[in-house]
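In what follows, a single structure is set out as structure tokens and then discussed.
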Amino acid sequence: MDEVDRSRAFLKDVKRIVLKVGTAVVTRNDGRIALGRLGALCEQLKELNSQGYEVILVSSGAVGLGRQRLRYRKLVNSSFADLQKPQVELDGKACAAVGQNCLMALYDTLFSQLDVSSAQLLVTDSDFRDRDFRKQLSDTVKSLLSLKVIPIFNENDAVSTRRAPYEDSSGIFWDNDSLAALLALELKADLLVLLSDVDGLYSGPPSDPRSKLIHTYIKEKHQSEITFGDKSRVGRGGMTAKVKAAVNAAYAGIPVVITSGYAPGNLSKVLEGQRVGTLFHQDAHLWSPVKEVDARGMAVAARESSRRLQAMTSEERKRVLLDVADALEANVRLINVENEADVSAAQVAGYEKSLISRLALKPGKIKSLANSIRVLANMEDPIGRVLKRTQLAEGLVLEKTSSPLGVLLIVFESRPEALVQIASLAIRSGNGLLLKGGKEAKRSNAILHKIITGAIPDSVGGKLIGLVTSREEIPDLLKHDDVIDLVIPRGSNKLVSQVKNLTKIPVLGHADGICHVYIDKSANMDMAKQIAVDAKVDYPAACNAMETLLVHKDLKDTTEFNDLVVDLRAEGVTLYGGPRASSLLNIPQAHSFHHEYSSMACTVEFVDDVHAAIDHIHEHGSAHTDCVIAEDLEVVDAFLGQVDSAAVFHNASPRFCDGARFGLGAEVGISTSRIHARGPVGVEGLLTTRWILRGNGQVVDGDKGVIYTHKDLPIEP
């Protein structure tokens with residue numbers, strides 16, 4: 001059981017939860033109620049209530065709401081002369097009294113819409129000095145919870161004797177964070193969750209890009225390391241108060257999680273065991289050797305290692321790749337054992353056959369991968385190549401040279417072979433690399449990563465390639481645009497969009513593979529049958545497999561087309577039709593043209609001509625790989641010239657769209673983006689350029705005496 005598993009194991013016994021919602025979560029920046037956020041929270045609480053959890057809510061926000069309401073009333077009732085006078089700050093007690101009424105009315109309305117009952121309980125610090133009060137409080141809450149009523153606590157600020165502006169921290173509790181911790185102990189809760197306006201506890205102010213999210217708080221490590229930012233914009237304490245309350249509760253035996261109240265569904269994610277927010281637990285020091293996974297540190301280490309790799313000679317870098325290839329072949333048995341364990345686990349879990357197919361390393365695959373790495377090693381060294389030489393002036397020569405991008409973050413699907421290809425390309429191109437593979441391939445990825453990094457010499461360091469093991473680390477990595485230079489998410493359009501929304505780092509999209517084969521009426525049908533069958537059957541789970549077969553309408557009643565349908569079915573391909581083909585061929589209608597089957601299935605549709613085929617591809621395709629089978633050169637030219645995809649083929653299977661088959665050695669993915677790199681991305685797609693200027697003492701000095709020649713020079717071998 002790893003650290004994440006151990007740190008979330010206690011959740012299986014959680015039944016009673018105390019949830020504290022801060023003022024910054026309840027209200028917007030303008031002081032008004034954050035109705036959408038509060039409504040979403042109430043829906044989560046209703047769901048937990050129906051699942052059998054006992055939820056106790058501690059809600060701030062009354063003073064802020066009351067102040068906003070009273071300011072408005074005062075403005076409405078003031079004369080113009082009154083408004084010219086200095087404005088006196090409103091009495092906090094009055095604000096609390098008015099605001100508490102507003103707050104509870106809102107909770108009651110929201111919960112009533114969800115068929116949930118709630119109850120208000122206002123307490124003061126002095127109440128807890130009375131033993132009878134504490135017993136009665138426990139009995140009342142127990143009774144409410146048995147009736148599935150959600151108790152809502154708040155400090156009774158309107159009558160509290162605490163000195164304003166809440167600077168007296170000498171009592172039993174001193175704000176709603178410490179009240180929530182106190183209630184968690186008094187009411188014997190199993191978990192305390194403190195919702196904040198940030199993702200959790202950071203090592204420094206969250207606005208500082210150098211700060212990192214702390215997933216598990218270890219007092220011995222973090223107490224002296226953390227630098228707190230400003231207090232809450234509206235509440236009393238901010239993160240300092242939350243941490244103090246969390247530490248007190250955790251070391252008294254109540255696990256605590258501080259997480260964002262802004263992110264939808266975070267409370268449910270906490271209870272599902274997802275690694276969101278910061279966990280406080282009395283046993284945290286036993287789970288980890290006082291060193292936490294540091295996303296930023298991993299990226300920095302990869303960059304430092306990449307610079308050492310770039311400093312090597314071309315022959316030394318080639319040797320690294322050859323050693324990696326040898327290490328993989330020497331460990332085939334070990335790799336297969338781990339891969340078979342992943343495949344077995346996926347089968348037991350009931351995953352789709354297409355995923356299991358991608359997951360499995362077929363016999364001979366490691367040998368094939370090792371040979372591809374050797375091909376890559378023997379290619380021309382891509383680093384430091386002179387791409388252009390220009391004489392700017394006499395004795396002043398400018399060179400444009402190839403250079404590594406820096407550090408790459410690649411999120412890829414459950415395809416272990418991708419890890420090998422990506423890692424070898426990163427080494428060849430001199431880049432540092434962070435990898436996050438699918439959880440289904442966890443064991444395969446771990447052993448491959450261990451073997452590859454073990455073959456990298458100590459002079460470079462195995463940290464050149466980092467393996468990210470937790471999905472929750474990705475959002476943290478995506479914040480570090482100063483140490484990560486390119487993100488390549490391999491997967492669906494949804495994944496690519498999510499990554500783009502979370503980062504400022506450039507994203508090279510590898511999205512859906514909705515590949516088309518168009519058979520024109522001029523096609524050689526024997527050729528068409530071979531290509532169409534290969535495009536679907538050779539490797540159905542690949543992103544360059546055919547997903548839609550477009551056929552010229554004049555072929556629908558021909559024997560040759562009927563033979564193609566028979567051949568596809570004989571191979572076990574399930575056919576679905578578009579509106580025209582489904583009725584003519586008597587096959588089920590496809591629910592969408594934009595669908596990647598990744599299995600032995602495809603869509604068939606008839607089109608009027610090549611222009612209709614092109615329009616269909618532009619409307620429903622993914623700009624990956626599309627193919628035309630035709631002998632009419634006008635049709636061919638129209639298709640090749642107008643289809644706006646990364647790869648467009650004539651009379652050849654789309655399965656050829658592959659880095660190794662293109663002679664690139666390997667690929668990190670097939671880019672469907674339209675900038676930087678497009679199609680199979682090999683070494684060249686992982687490079688940028690640098691300018692090297694060689695002179696002998698020239699100065700600009702207002703361009704006096706400089707005679708610019710801007711003469712192209714031959715590139716020396």
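Going by the structure tokens order, chains are called A, B, ..., each with residues numbered from 1, while ligands are numbered from 1 in the order shown.
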
Open item on the list: Quick one: residues within 9 Å of A:Ser126, only C-alpha atoms, excluding same-chain residues fewer than 3 positions away - as a PyMOL selection string?
Closed with: chain A and resi 123+129-130+160-161+171-172

Proximity of stretch 369-484 of chain A to stretch 698-717 of chain A: per-residue shortest pair, 10 Å limit, only C-alpha atoms, as CSV:
residue,atom,partner,partner_atom,distance
A:Arg385,CA,A:Pro717,CA,9.5
A:Val386,CA,A:Ile715,CA,6.8
A:Leu387,CA,A:Ile715,CA,7.4
A:Lys388,CA,A:Ile715,CA,6.5
A:Arg389,CA,A:Leu713,CA,5.2
A:Thr390,CA,A:Asp712,CA,4.6
A:Gln391,CA,A:Lys711,CA,4.9
A:Leu392,CA,A:His710,CA,4.5
A:Ala393,CA,A:Tyr708,CA,4.6
A:Glu394,CA,A:Thr709,CA,7.5
A:Gly395,CA,A:Gln698,CA,8.4
A:Leu396,CA,A:Gln698,CA,7.6
A:Val397,CA,A:Leu713,CA,8.8
A:Leu398,CA,A:His710,CA,9.4
A:Glu399,CA,A:Ile715,CA,9.1

TODO: Could you give me, as a ChimeraX atom specification, the residues within 8 Å of stretch 660-677 of chain A, counting only C-alpha atoms and dropping anything in the same chain fewer than 2 positions from it?
DONE: /A:372-373,375-376,418,421-422,424-425,490,508-511,622-624,645-646,656-658,679-683,685

Write out the residues from the selection above, keeping N, CA, C and O atoms, as a tab-separated table (two decimals), in the first residue's frame.
chain	number	residue	atom	x	y	z
A	372	SER	N	13.59	-0.03	-32.61
A	372	SER	CA	13.23	1.35	-32.98
A	372	SER	C	14.14	2.36	-32.29
A	372	SER	O	14.52	3.38	-32.87
A	373	ILE	N	14.48	2.05	-31.03
A	373	ILE	CA	15.38	2.95	-30.28
A	373	ILE	C	16.76	2.97	-30.93
A	373	ILE	O	17.40	4.02	-31.04
A	375	VAL	N	17.40	2.46	-34.09
A	375	VAL	CA	17.26	3.26	-35.32
A	375	VAL	C	17.35	4.74	-34.98
A	375	VAL	O	18.04	5.53	-35.65
A	376	LEU	N	16.68	5.13	-33.91
A	376	LEU	CA	16.68	6.52	-33.45
A	376	LEU	C	18.09	6.95	-33.07
A	376	LEU	O	18.54	8.06	-33.40
A	418	ALA	N	3.93	3.45	-25.34
A	418	ALA	CA	4.08	4.89	-25.54
A	418	ALA	C	5.16	5.45	-24.62
A	418	ALA	O	5.90	6.36	-24.99
A	421	GLN	N	8.55	4.86	-26.25
A	421	GLN	CA	8.76	5.72	-27.41
A	421	GLN	C	9.02	7.17	-26.98
A	421	GLN	O	9.94	7.83	-27.48
A	422	ILE	N	8.21	7.65	-26.07
A	422	ILE	CA	8.32	9.05	-25.63
A	422	ILE	C	9.65	9.27	-24.92
A	422	ILE	O	10.35	10.28	-25.16
A	424	SER	N	12.47	7.61	-25.24
A	424	SER	CA	13.60	7.56	-26.17
A	424	SER	C	13.69	8.83	-27.01
A	424	SER	O	14.79	9.34	-27.28
A	425	LEU	N	12.55	9.38	-27.41
A	425	LEU	CA	12.56	10.64	-28.16
A	425	LEU	C	13.07	11.80	-27.31
A	425	LEU	O	13.78	12.68	-27.80
A	490	ARG	N	-2.20	13.19	-24.70
A	490	ARG	CA	-2.63	12.21	-25.70
A	490	ARG	C	-3.94	11.62	-25.22
A	490	ARG	O	-3.99	10.95	-24.20
A	508	LEU	N	0.33	20.94	-27.05
A	508	LEU	CA	0.31	20.32	-28.37
A	508	LEU	C	-0.71	19.20	-28.31
A	508	LEU	O	-0.49	18.18	-27.66
A	509	GLY	N	-1.85	19.40	-28.96
A	509	GLY	CA	-2.99	18.49	-28.80
A	509	GLY	C	-2.88	17.23	-29.63
A	509	GLY	O	-2.63	17.27	-30.83
A	510	HIS	N	-3.02	16.11	-28.96
A	510	HIS	CA	-3.16	14.82	-29.64
A	510	HIS	C	-4.54	14.33	-29.24
A	510	HIS	O	-4.72	13.78	-28.16
A	511	ALA	N	-5.54	14.56	-30.07
A	511	ALA	CA	-6.92	14.30	-29.67
A	511	ALA	C	-7.46	13.05	-30.37
A	511	ALA	O	-6.73	12.13	-30.70
A	622	SER	N	-11.54	14.56	-37.02
A	622	SER	CA	-10.70	15.13	-35.95
A	622	SER	C	-9.39	15.67	-36.49
A	622	SER	O	-8.46	15.92	-35.72
A	623	ALA	N	-9.29	15.83	-37.82
A	623	ALA	CA	-8.08	16.38	-38.46
A	623	ALA	C	-6.85	15.52	-38.19
A	623	ALA	O	-5.75	16.03	-38.04
A	624	HIS	N	-7.07	14.21	-38.13
A	624	HIS	CA	-5.98	13.27	-37.86
A	624	HIS	C	-5.43	12.72	-39.19
A	624	HIS	O	-4.50	13.29	-39.75
A	645	SER	N	-6.39	17.99	-42.77
A	645	SER	CA	-6.01	17.06	-41.71
A	645	SER	C	-4.49	17.00	-41.62
A	645	SER	O	-3.77	17.41	-42.53
A	646	ALA	N	-4.00	16.45	-40.51
A	646	ALA	CA	-2.55	16.38	-40.31
A	646	ALA	C	-1.89	15.48	-41.34
A	646	ALA	O	-0.75	15.72	-41.74
A	656	PHE	N	-0.54	3.83	-42.04
A	656	PHE	CA	0.84	4.27	-42.28
A	656	PHE	C	1.18	5.54	-41.50
A	656	PHE	O	2.36	5.91	-41.42
A	657	CYS	N	0.17	6.21	-40.96
A	657	CYS	CA	0.44	7.45	-40.22
A	657	CYS	C	1.02	7.11	-38.85
A	657	CYS	O	0.30	6.98	-37.85
A	658	ASP	N	2.32	6.97	-38.81
A	658	ASP	CA	3.00	6.50	-37.61
A	658	ASP	C	4.45	6.97	-37.67
A	658	ASP	O	5.07	6.95	-38.74
A	679	GLY	N	0.80	16.16	-37.25
A	679	GLY	CA	0.98	14.78	-37.65
A	679	GLY	C	1.87	14.06	-36.66
A	679	GLY	O	2.02	14.49	-35.51
A	680	PRO	N	2.51	12.93	-37.05
A	680	PRO	CA	3.40	12.22	-36.13
A	680	PRO	C	4.52	13.14	-35.65
A	680	PRO	O	5.24	13.73	-36.46
A	681	VAL	N	4.65	13.26	-34.34
A	681	VAL	CA	5.64	14.16	-33.77
A	681	VAL	C	6.85	13.34	-33.33
A	681	VAL	O	6.79	12.58	-32.36
A	682	GLY	N	7.92	13.45	-34.09
A	682	GLY	CA	9.17	12.79	-33.74
A	682	GLY	C	10.13	13.76	-33.11
A	682	GLY	O	9.73	14.73	-32.45
A	683	VAL	N	11.42	13.52	-33.31
A	683	VAL	CA	12.44	14.36	-32.69
A	683	VAL	C	12.29	15.82	-33.08
A	683	VAL	O	12.36	16.72	-32.23
A	685	GLY	N	9.81	17.60	-33.81
A	685	GLY	CA	8.70	18.28	-33.14
A	685	GLY	C	9.00	18.65	-31.71
A	685	GLY	O	8.23	19.38	-31.07

- [ ] From a DSSP pass on the backbone, collect the residues of stretch 130-194 of chain A flagged as strand (DSSP E or B) and hand them back as a ChimeraX atom specification.
- [x] /A:150-155,191-194

If you keep C-alpha atoms, can you produce a file of those selected residues as a PDB file, in the first residue's frame?
ATOM      1  CA  ILE A 150     -28.590  18.903   8.947  1.00  0.00           C
ATOM      2  CA  PRO A 151     -27.562  21.028  11.992  1.00  0.00           C
ATOM      3  CA  ILE A 152     -26.079  24.399  10.972  1.00  0.00           C
ATOM      4  CA  PHE A 153     -23.809  26.002  13.584  1.00  0.00           C
ATOM      5  CA  ASN A 154     -22.480  29.529  13.835  1.00  0.00           C
ATOM      6  CA  GLU A 155     -21.067  31.602  16.645  1.00  0.00           C
ATOM      7  CA  LEU A 191     -13.817  13.714   9.743  1.00  0.00           C
ATOM      8  CA  LEU A 192     -13.515  17.503   9.701  1.00  0.00           C
ATOM      9  CA  VAL A 193     -13.470  19.300   6.343  1.00  0.00           C
ATOM     10  CA  LEU A 194     -12.563  23.010   6.170  1.00  0.00           C
TER      11      LEU A 194
END

- [ ] Enumerate, as a ChimeraX atom specification, the complete set of residues in stretch 105-263 of chain A that a backbone-based DSSP assignment places in alpha helix (DSSP H).
- [x] /A:105-113,131-146,176-186,219-222,239-250

Open item on the list: Set the distance at 12 Å and use only C-alpha atoms: which residues neighbour A:Ser112 once local chain neighbours fewer than 5 positions away are removed? I'd like the list as an MDAnalysis selection string.
Closed with: chainID A and resid 39 42:43 46 104:107 117:119 149:150

Selection to disk with N, CA, C and O atoms, as an mmCIF file, in the first residue's frame:
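Wrote out22.cif, looks like this:
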data_model
loop_
_atom_site.group_PDB
_atom_site.id
_atom_site.type_symbol
_atom_site.label_atom_id
_atom_site.label_comp_id
_atom_site.auth_asym_id
_atom_site.auth_seq_id
_atom_site.Cartn_x
_atom_site.Cartn_y
_atom_site.Cartn_z
ATOM 1 N N GLY A 39 -25.514 26.766 -3.584
ATOM 2 C CA GLY A 39 -26.480 25.781 -4.070
ATOM 3 C C GLY A 39 -25.820 24.455 -4.384
ATOM 4 O O GLY A 39 -26.342 23.375 -4.058
ATOM 5 N N CYS A 42 -25.046 22.657 -1.150
ATOM 6 C CA CYS A 42 -26.243 22.041 -0.558
ATOM 7 C C CYS A 42 -26.614 20.757 -1.301
ATOM 8 O O CYS A 42 -27.069 19.780 -0.682
ATOM 9 N N GLU A 43 -26.424 20.737 -2.614
ATOM 10 C CA GLU A 43 -26.708 19.517 -3.375
ATOM 11 C C GLU A 43 -25.767 18.393 -2.960
ATOM 12 O O GLU A 43 -26.180 17.234 -2.840
ATOM 13 N N LYS A 46 -26.973 17.118 0.404
ATOM 14 C CA LYS A 46 -28.176 16.297 0.249
ATOM 15 C C LYS A 46 -27.800 14.881 -0.203
ATOM 16 O O LYS A 46 -28.325 13.877 0.288
ATOM 17 N N MET A 104 -29.637 31.975 7.365
ATOM 18 C CA MET A 104 -30.462 30.796 7.661
ATOM 19 C C MET A 104 -31.660 30.715 6.727
ATOM 20 O O MET A 104 -32.084 29.617 6.335
ATOM 21 N N ALA A 105 -32.225 31.872 6.369
ATOM 22 C CA ALA A 105 -33.352 31.866 5.422
ATOM 23 C C ALA A 105 -32.909 31.282 4.086
ATOM 24 O O ALA A 105 -33.646 30.527 3.440
ATOM 25 N N LEU A 106 -31.687 31.612 3.689
ATOM 26 C CA LEU A 106 -31.158 31.110 2.423
ATOM 27 C C LEU A 106 -30.932 29.601 2.483
ATOM 28 O O LEU A 106 -31.325 28.860 1.582
ATOM 29 N N TYR A 107 -30.278 29.140 3.572
ATOM 30 C CA TYR A 107 -30.061 27.695 3.726
ATOM 31 C C TYR A 107 -31.397 26.947 3.746
ATOM 32 O O TYR A 107 -31.541 25.887 3.123
ATOM 33 N N SER A 117 -34.215 18.847 5.550
ATOM 34 C CA SER A 117 -34.488 19.771 6.662
ATOM 35 C C SER A 117 -33.174 20.191 7.303
ATOM 36 O O SER A 117 -32.222 19.398 7.377
ATOM 37 N N SER A 118 -33.135 21.443 7.767
ATOM 38 C CA SER A 118 -31.951 21.950 8.461
ATOM 39 C C SER A 118 -32.381 22.611 9.759
ATOM 40 O O SER A 118 -33.557 22.958 9.944
ATOM 41 N N ALA A 119 -31.414 22.777 10.670
ATOM 42 C CA ALA A 119 -31.711 23.383 11.976
ATOM 43 C C ALA A 119 -30.596 24.353 12.332
ATOM 44 O O ALA A 119 -29.424 24.097 12.044
ATOM 45 N N VAL A 149 -31.789 15.458 9.770
ATOM 46 C CA VAL A 149 -31.761 16.921 9.731
ATOM 47 C C VAL A 149 -30.301 17.372 9.765
ATOM 48 O O VAL A 149 -29.488 16.800 10.495
ATOM 49 N N ILE A 150 -29.962 18.383 8.965
ATOM 50 C CA ILE A 150 -28.590 18.903 8.947
ATOM 51 C C ILE A 150 -28.483 20.076 9.926
ATOM 52 O O ILE A 150 -29.084 21.139 9.702
#

So that each row is one residue of stretch 249-309 of chain A with an atom at most 12 Å from stretch 400-404 of chain A, can you give its shortest atom pair and the distance in Å to one decimal, using only C-alpha atoms, rows by chain and rising number, as a Markdown table?
| residue | atom | partner | partner_atom | distance |
| --- | --- | --- | --- | --- |
| A:Arg303 | CA | A:Pro404 | CA | 10.7 |
| A:Ser306 | CA | A:Pro404 | CA | 8.8 |
| A:Arg307 | CA | A:Pro404 | CA | 9.4 |
| A:Leu309 | CA | A:Pro404 | CA | 10.6 |

TODO: Considering only C-alpha atoms, return as a list in words whatever protein or nucleic-acid residues lie within 9 Å of stretch 615-617 of chain A, sequence-local ones (same chain, fewer than 5 positions apart) excluded.
DONE: Ile514, Cys515, His516, Leu550, Val607, Val610, Ser622, Ala623, Asp626, Val643, Asp644 and Ser645 of chain A

Open item on the list: Report, in Å to a single decimal, how far apart atom CA of A:His480 and atom CA of A:Ala295 are.
Closed with: 8.7 Å

Task: Interatomic distance (Å, one decimal) between atom CA of A:Gln274 and atom CA of A:Ser260 - done: 13.4 Å

Task: Counting only C-alpha atoms, the option among A:Asn431, A:Ser143, A:Asn445, A:Ser268 closest to A:Phe412 - done: A:Asn445

Task: Interatomic distance (Å, one decimal) between atom CA of A:Leu361 and atom CA of A:Ile531 - done: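 Taking atom CA of A:Leu361 and atom CA of A:Ile531, their separation equals 25.5 Å.
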
Find the residues near A:Tyr251: any atom within 12 Å, counting only C-alpha atoms, skip ones fewer than 3 places away on the same chain, and give them as a compact mmCIF listing (two decimals) with N, CA and C atoms, in the first residue's frame.
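File out_29.txt, as written:
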# COMPACT_ATOMS: atom_id res chain seq x y z
N ALA A 181 -13.50 22.71 14.81
CA ALA A 181 -12.62 21.71 15.41
C ALA A 181 -13.17 21.27 16.77
N LEU A 185 -14.68 17.40 17.95
CA LEU A 185 -14.29 16.64 19.14
C LEU A 185 -15.48 16.36 20.05
N TYR A 217 -0.02 17.10 5.45
CA TYR A 217 0.70 17.96 6.38
C TYR A 217 1.42 17.09 7.40
N ILE A 218 2.73 17.26 7.48
CA ILE A 218 3.54 16.56 8.47
C ILE A 218 4.14 17.63 9.37
N LYS A 219 3.68 17.67 10.59
CA LYS A 219 4.04 18.76 11.50
C LYS A 219 5.55 18.93 11.61
N VAL A 243 -5.12 26.18 9.69
CA VAL A 243 -4.05 25.23 10.02
C VAL A 243 -4.00 25.00 11.53
N LYS A 244 -4.14 26.07 12.30
CA LYS A 244 -4.11 25.93 13.76
C LYS A 244 -5.24 25.02 14.23
N ALA A 245 -6.44 25.25 13.70
CA ALA A 245 -7.59 24.42 14.08
C ALA A 245 -7.39 22.98 13.60
N ALA A 246 -6.87 22.82 12.38
CA ALA A 246 -6.67 21.48 11.81
C ALA A 246 -5.65 20.68 12.61
N VAL A 247 -4.55 21.31 12.99
CA VAL A 247 -3.52 20.62 13.78
C VAL A 247 -4.09 20.20 15.13
N ASN A 248 -4.83 21.08 15.78
CA ASN A 248 -5.41 20.75 17.09
C ASN A 248 -6.36 19.56 16.99
N ILE A 254 -8.98 13.52 15.24
CA ILE A 254 -9.96 13.75 14.18
C ILE A 254 -9.24 14.10 12.89
N PRO A 255 -9.28 13.25 11.85
CA PRO A 255 -8.66 13.61 10.58
C PRO A 255 -9.30 14.88 10.00
N VAL A 256 -8.48 15.71 9.36
CA VAL A 256 -8.96 16.99 8.82
C VAL A 256 -8.46 17.13 7.38
N PHE A 280 -4.65 16.44 7.21
CA PHE A 280 -3.99 16.49 8.52
C PHE A 280 -4.40 15.22 9.27
N HIS A 281 -3.44 14.45 9.76
CA HIS A 281 -3.74 13.20 10.45
C HIS A 281 -2.65 12.94 11.48
N GLN A 282 -3.04 12.40 12.61
CA GLN A 282 -2.07 12.20 13.68
C GLN A 282 -0.98 11.18 13.30
N ASP A 283 -1.27 10.32 12.31
CA ASP A 283 -0.29 9.32 11.89
C ASP A 283 0.45 9.71 10.61
N ALA A 284 0.29 10.96 10.17
CA ALA A 284 0.87 11.36 8.88
C ALA A 284 2.38 11.15 8.83
N HIS A 285 3.06 11.32 9.97
CA HIS A 285 4.52 11.17 9.98
C HIS A 285 4.96 9.73 9.74

Task: Selection near A:Glu54, 7 Å with only C-alpha atoms, sequence-local residues under 4 positions removed, as a list in words - done: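 Final neighbour list, sorted by chain and number: Lys15, Arg16, Ile17, Asn49 and Leu145 of chain A.
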